[in-house]
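J.: Next up, entry_33.cif (mmCIF, C-alpha atoms).
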data_entry
loop_
_atom_site.label_atom_id
_atom_site.label_comp_id
_atom_site.auth_asym_id
_atom_site.auth_seq_id
_atom_site.Cartn_x
_atom_site.Cartn_y
_atom_site.Cartn_z
CA MET L 1 -37.42 48.25 153.36
CA PRO L 2 -33.98 49.29 152.05
CA LYS L 3 -32.50 47.40 149.12
CA GLU L 4 -29.64 45.13 150.15
CA GLN L 5 -26.25 46.36 148.97
CA GLN L 6 -24.81 44.45 146.03
CA GLN L 7 -22.15 41.96 146.98
CA TYR L 8 -19.28 40.56 144.95
CA TRP L 9 -17.78 37.09 144.63
CA LEU L 10 -14.91 35.28 142.99
CA MET L 11 -16.01 31.90 141.63
CA LYS L 12 -13.41 29.42 140.41
CA SER L 13 -14.04 27.03 137.55
CA GLU L 14 -11.66 24.71 135.80
CA PRO L 15 -11.80 25.73 132.12
CA ASP L 16 -12.00 22.12 130.95
CA GLU L 17 -15.17 21.77 133.04
CA CYS L 18 -16.76 25.20 132.38
CA SER L 19 -14.78 28.05 130.85
CA ILE L 20 -15.84 31.63 130.22
CA ASP L 21 -16.31 30.59 126.57
CA ASP L 22 -18.60 27.74 127.68
CA LEU L 23 -20.61 30.25 129.70
CA ALA L 24 -20.84 32.55 126.67
CA ALA L 25 -22.04 29.63 124.50
CA ALA L 26 -24.57 28.29 127.03
CA PRO L 27 -28.31 28.82 126.45
CA GLY L 28 -29.14 32.27 127.81
CA GLN L 29 -25.42 32.62 128.62
CA ALA L 30 -26.13 31.10 132.03
CA VAL L 31 -25.03 27.88 133.74
CA PRO L 32 -25.85 26.16 137.03
CA TRP L 33 -22.79 26.29 139.32
CA THR L 34 -22.64 22.56 140.04
CA GLY L 35 -20.16 20.46 141.95
CA VAL L 36 -19.40 22.63 144.99
CA ARG L 37 -18.57 20.19 147.78
CA ASN L 38 -17.20 22.51 150.45
CA TYR L 39 -19.58 23.60 153.19
CA GLN L 40 -18.28 27.17 153.45
CA ALA L 41 -18.55 27.71 149.67
CA ARG L 42 -22.01 26.05 149.72
CA ASN L 43 -23.09 28.39 152.52
CA PHE L 44 -21.97 31.43 150.52
CA MET L 45 -24.19 30.27 147.64
CA ARG L 46 -27.10 29.18 149.81
CA ASP L 47 -27.18 31.97 152.38
CA ALA L 48 -25.19 35.02 151.30
CA MET L 49 -25.46 35.44 147.54
CA ARG L 50 -28.31 37.42 146.03
CA ILE L 51 -29.58 37.66 142.46
CA GLY L 52 -27.62 40.42 140.72
CA ASP L 53 -24.47 40.08 142.82
CA GLY L 54 -21.28 40.52 140.79
CA VAL L 55 -19.05 37.55 140.01
CA LEU L 56 -15.40 37.46 138.97
CA PHE L 57 -15.28 34.34 136.79
CA TYR L 58 -11.91 32.76 137.58
CA HIS L 59 -10.18 30.00 135.62
CA SER L 60 -8.37 27.64 138.02
CA SER L 61 -6.25 24.49 137.76
CA CYS L 62 -5.00 25.45 134.32
CA PRO L 63 -1.70 26.65 132.79
CA GLU L 64 -2.56 30.33 133.40
CA PRO L 65 -5.13 30.82 136.18
CA GLY L 66 -6.89 34.15 136.56
CA ILE L 67 -10.03 36.21 136.10
CA ALA L 68 -11.43 35.56 132.61
CA GLY L 69 -14.68 37.51 132.77
CA LEU L 70 -17.52 39.04 134.69
CA ALA L 71 -20.79 37.35 135.54
CA GLU L 72 -23.69 37.79 137.92
CA VAL L 73 -25.71 35.60 140.22
CA ALA L 74 -28.85 34.79 138.25
CA SER L 75 -31.03 32.57 140.46
CA ASP L 76 -32.08 31.77 143.96
CA PRO L 77 -30.40 28.69 145.46
CA TYR L 78 -31.71 25.25 144.52
CA PRO L 79 -30.48 21.67 144.98
CA ASP L 80 -27.47 20.64 142.90
CA PRO L 81 -28.76 17.66 140.86
CA THR L 82 -25.28 16.15 140.54
CA GLN L 83 -25.40 15.09 144.20
CA PHE L 84 -28.15 12.59 143.34
CA ASP L 85 -26.56 11.24 140.13
CA PRO L 86 -24.51 8.06 140.76
CA SER L 87 -22.66 8.59 137.46
CA SER L 88 -21.52 12.12 138.44
CA PRO L 89 -18.11 12.75 139.98
CA TYR L 90 -20.03 15.01 142.40
CA HIS L 91 -22.42 12.27 143.55
CA ASP L 92 -23.02 12.30 147.30
CA PRO L 93 -24.69 9.06 148.39
CA ALA L 94 -25.46 10.56 151.82
CA SER L 95 -27.55 13.37 150.32
CA ARG L 96 -31.27 12.76 149.85
CA PRO L 97 -33.74 14.63 147.58
CA GLU L 98 -35.98 15.37 150.57
CA ALA L 99 -32.98 16.84 152.46
CA PRO L 100 -30.40 17.97 149.89
CA ARG L 101 -26.95 18.71 151.25
CA TRP L 102 -25.59 20.69 148.26
CA MET L 103 -27.11 23.80 146.71
CA LEU L 104 -26.20 25.84 143.66
CA ARG L 105 -27.11 29.04 141.88
CA ASP L 106 -27.18 29.92 138.23
CA VAL L 107 -24.48 32.29 136.99
CA LYS L 108 -25.02 34.51 133.94
CA LEU L 109 -22.35 36.08 131.73
CA VAL L 110 -21.90 39.83 131.88
CA ARG L 111 -18.81 39.99 129.67
CA LYS L 112 -15.65 38.17 128.78
CA THR L 113 -12.51 40.16 129.63
CA ARG L 114 -8.81 39.88 129.01
CA LEU L 115 -7.26 37.39 131.39
CA LEU L 116 -6.20 39.08 134.62
CA SER L 117 -3.70 36.41 135.58
CA LEU L 118 -3.02 35.24 139.09
CA LYS L 119 0.61 36.27 138.49
CA GLU L 120 -0.46 39.85 137.62
CA MET L 121 -2.93 39.95 140.52
CA ARG L 122 -0.12 39.08 142.96
CA THR L 123 1.86 42.16 141.81
CA ARG L 124 -0.97 44.61 142.54
CA PRO L 125 -0.96 46.11 146.05
CA GLU L 126 -4.62 47.09 145.70
CA LEU L 127 -5.50 43.39 145.43
CA ALA L 128 -3.30 42.18 148.31
CA THR L 129 -6.31 41.53 150.56
CA MET L 130 -8.17 39.31 148.10
CA ARG L 131 -8.87 35.91 149.63
CA VAL L 132 -7.86 34.10 146.44
CA LEU L 133 -4.33 35.48 146.97
CA GLN L 134 -4.02 34.40 150.61
CA PRO L 135 -1.74 31.46 151.44
CA GLY L 136 -3.66 28.24 151.89
CA ASN L 137 -6.91 29.52 150.37
CA ARG L 138 -8.47 26.72 148.35
CA LEU L 139 -12.11 27.79 148.43
CA SER L 140 -13.85 27.77 145.05
CA ILE L 141 -16.07 30.70 146.05
CA THR L 142 -14.84 33.69 148.04
CA PRO L 143 -16.29 37.09 148.85
CA VAL L 144 -14.75 40.12 147.15
CA THR L 145 -14.93 43.57 148.77
CA PRO L 146 -16.35 46.52 146.83
CA GLU L 147 -12.83 48.03 146.86
CA GLU L 148 -11.31 44.84 145.39
CA TRP L 149 -14.10 44.70 142.78
CA ARG L 150 -13.43 48.29 141.71
CA ALA L 151 -9.66 47.62 141.60
CA VAL L 152 -10.18 44.58 139.35
CA LEU L 153 -12.47 46.60 137.04
CA ALA L 154 -9.85 49.36 136.89
CA LEU L 155 -7.11 46.85 136.00
CA LEU L 156 -9.38 45.46 133.28
CA GLU L 157 -10.06 49.05 132.14
CA LEU L 158 -13.80 48.62 132.73
CA SER L 159 -14.38 51.29 135.38
#
Using structure tokens, write down the structure that the file contains.
T.:
Amino acid sequence: MPKEQQQYWLMKSEPDECSIDDLAAAPGQAVPWTGVRNYQARNFMRDAMRIGDGVLFYHSSCPEPGIAGLAEVASDPYPDPTQFDPSSPYHDPASRPEAPRWMLRDVKLVRKTRLLSLKEMRTRPELATMRVLQPGNRLSITPVTPEEWRAVLALLELS
């Protein structure tokens, strides 16, 4: 059976919730990607991601949004425990442990990079197709093409 081709993702995190530095300081340099409450983003994590897929770790909702590092998908999907926690801002009272609505995956640090800002990304024709740059895109997780991945690595001088 042929090995599935590696895929790539951009995953947004607000730095005050989980920054690239928090990921670097976490035990095993890995964190569970909690709090996703969009069905399309959930489906990417649950159905499309594979262990070892590349992740562009993106800081969002901050003074200077952009790609702050590289990570990889580090686990199979499993239920997001925050959906069952009444004290969590991500609590979902309609979700039940026997039929969880929200799944997550662990993400592991590969390396911190210089910040590739959203402003800089918008000036690069080779990144024009990235979903994060499309008008109206608010998804916290989006697929990245191999060409976009290579272009980002080249801009970060990692290729």
J.: Name the residues captured by the PyMOL selection byres ((chain L and resi 51) around 6) when it is applied to the shown file; answer as a PyMOL selection string.
T.: chain L and resi 50+52-53+73-75
J.: Within 9 Å of L:Phe44, counting only C-alpha atoms, which residues show up once you throw out same-chain ones fewer than 3 positions away? Write them as an MDAnalysis selection string, please.
T.: chainID L and resid 39:41 47:49 141:143
J.: Please determine, counting all atoms listed in the file, which residue among L:Ile20, L:Arg138, L:Gln6, L:Glu120 has the shortest atom-to-atom distance to L:His59.
T.: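 Of L:Ile20, L:Arg138, L:Gln6, L:Glu120, the one nearest L:His59 is L:Ile20, counting all atoms listed in the file.
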J.: Can you build me a table of stretch 55-94 of chain L residues sitting at most 6 Å from stretch 102-105 of chain L, with the closest atom pair per residue and its distance in Å to one decimal, using only C-alpha atoms, sorted by chain and residue number, as JSON lines?
T.:
{"residue": "L:Ser75", "atom": "CA", "partner": "L:Arg105", "partner_atom": "CA", "distance": 5.5}
{"residue": "L:Pro77", "atom": "CA", "partner": "L:Arg105", "partner_atom": "CA", "distance": 4.9}
{"residue": "L:Tyr78", "atom": "CA", "partner": "L:Met103", "partner_atom": "CA", "distance": 5.3}
{"residue": "L:Pro79", "atom": "CA", "partner": "L:Met103", "partner_atom": "CA", "distance": 4.3}
{"residue": "L:Asp80", "atom": "CA", "partner": "L:Met103", "partner_atom": "CA", "distance": 5.0}
J.: Looking at only C-alpha atoms, which of L:Pro125, L:Pro63, L:Gly28, L:Pro135 is the one that sits closest to L:Ala151?
T.: L:Pro125
J.: Pick out the closest residue to L:Glu148 from this set: L:Thr34, L:Thr129, L:Gln5, L:Ser13. Count all atoms listed in the file.
T.: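 Ranking L:Thr34, L:Thr129, L:Gln5, L:Ser13 by distance to L:Glu148, first place goes to L:Thr129.
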J.: Given the choices L:Cys18, L:Val144, L:Leu127, L:Leu153, which gets closest to L:Ala30 if the distance is worked out from all atoms listed in the file?
T.: L:Cys18
J.: Between atom CA of L:Glu157 and atom CA of L:Met45, what is the distance in Å, rounded to a tenth?
T.: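 If I compute the distance from atom CA of L:Glu157 to atom CA of L:Met45, I get 28.2 Å.
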J.: Any idea what the distance is between atom CA of L:Pro27 and atom CA of L:Asp85?
T.: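 Going from atom CA of L:Pro27 over to atom CA of L:Asp85, I get 22.3 Å.
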J.: Grab the atom CA of L:Glu126 to atom CA of L:Ala154 distance for me, in Å with one decimal place.
T.: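 Result for atom CA of L:Glu126 versus atom CA of L:Ala154: 10.5 Å, one decimal.
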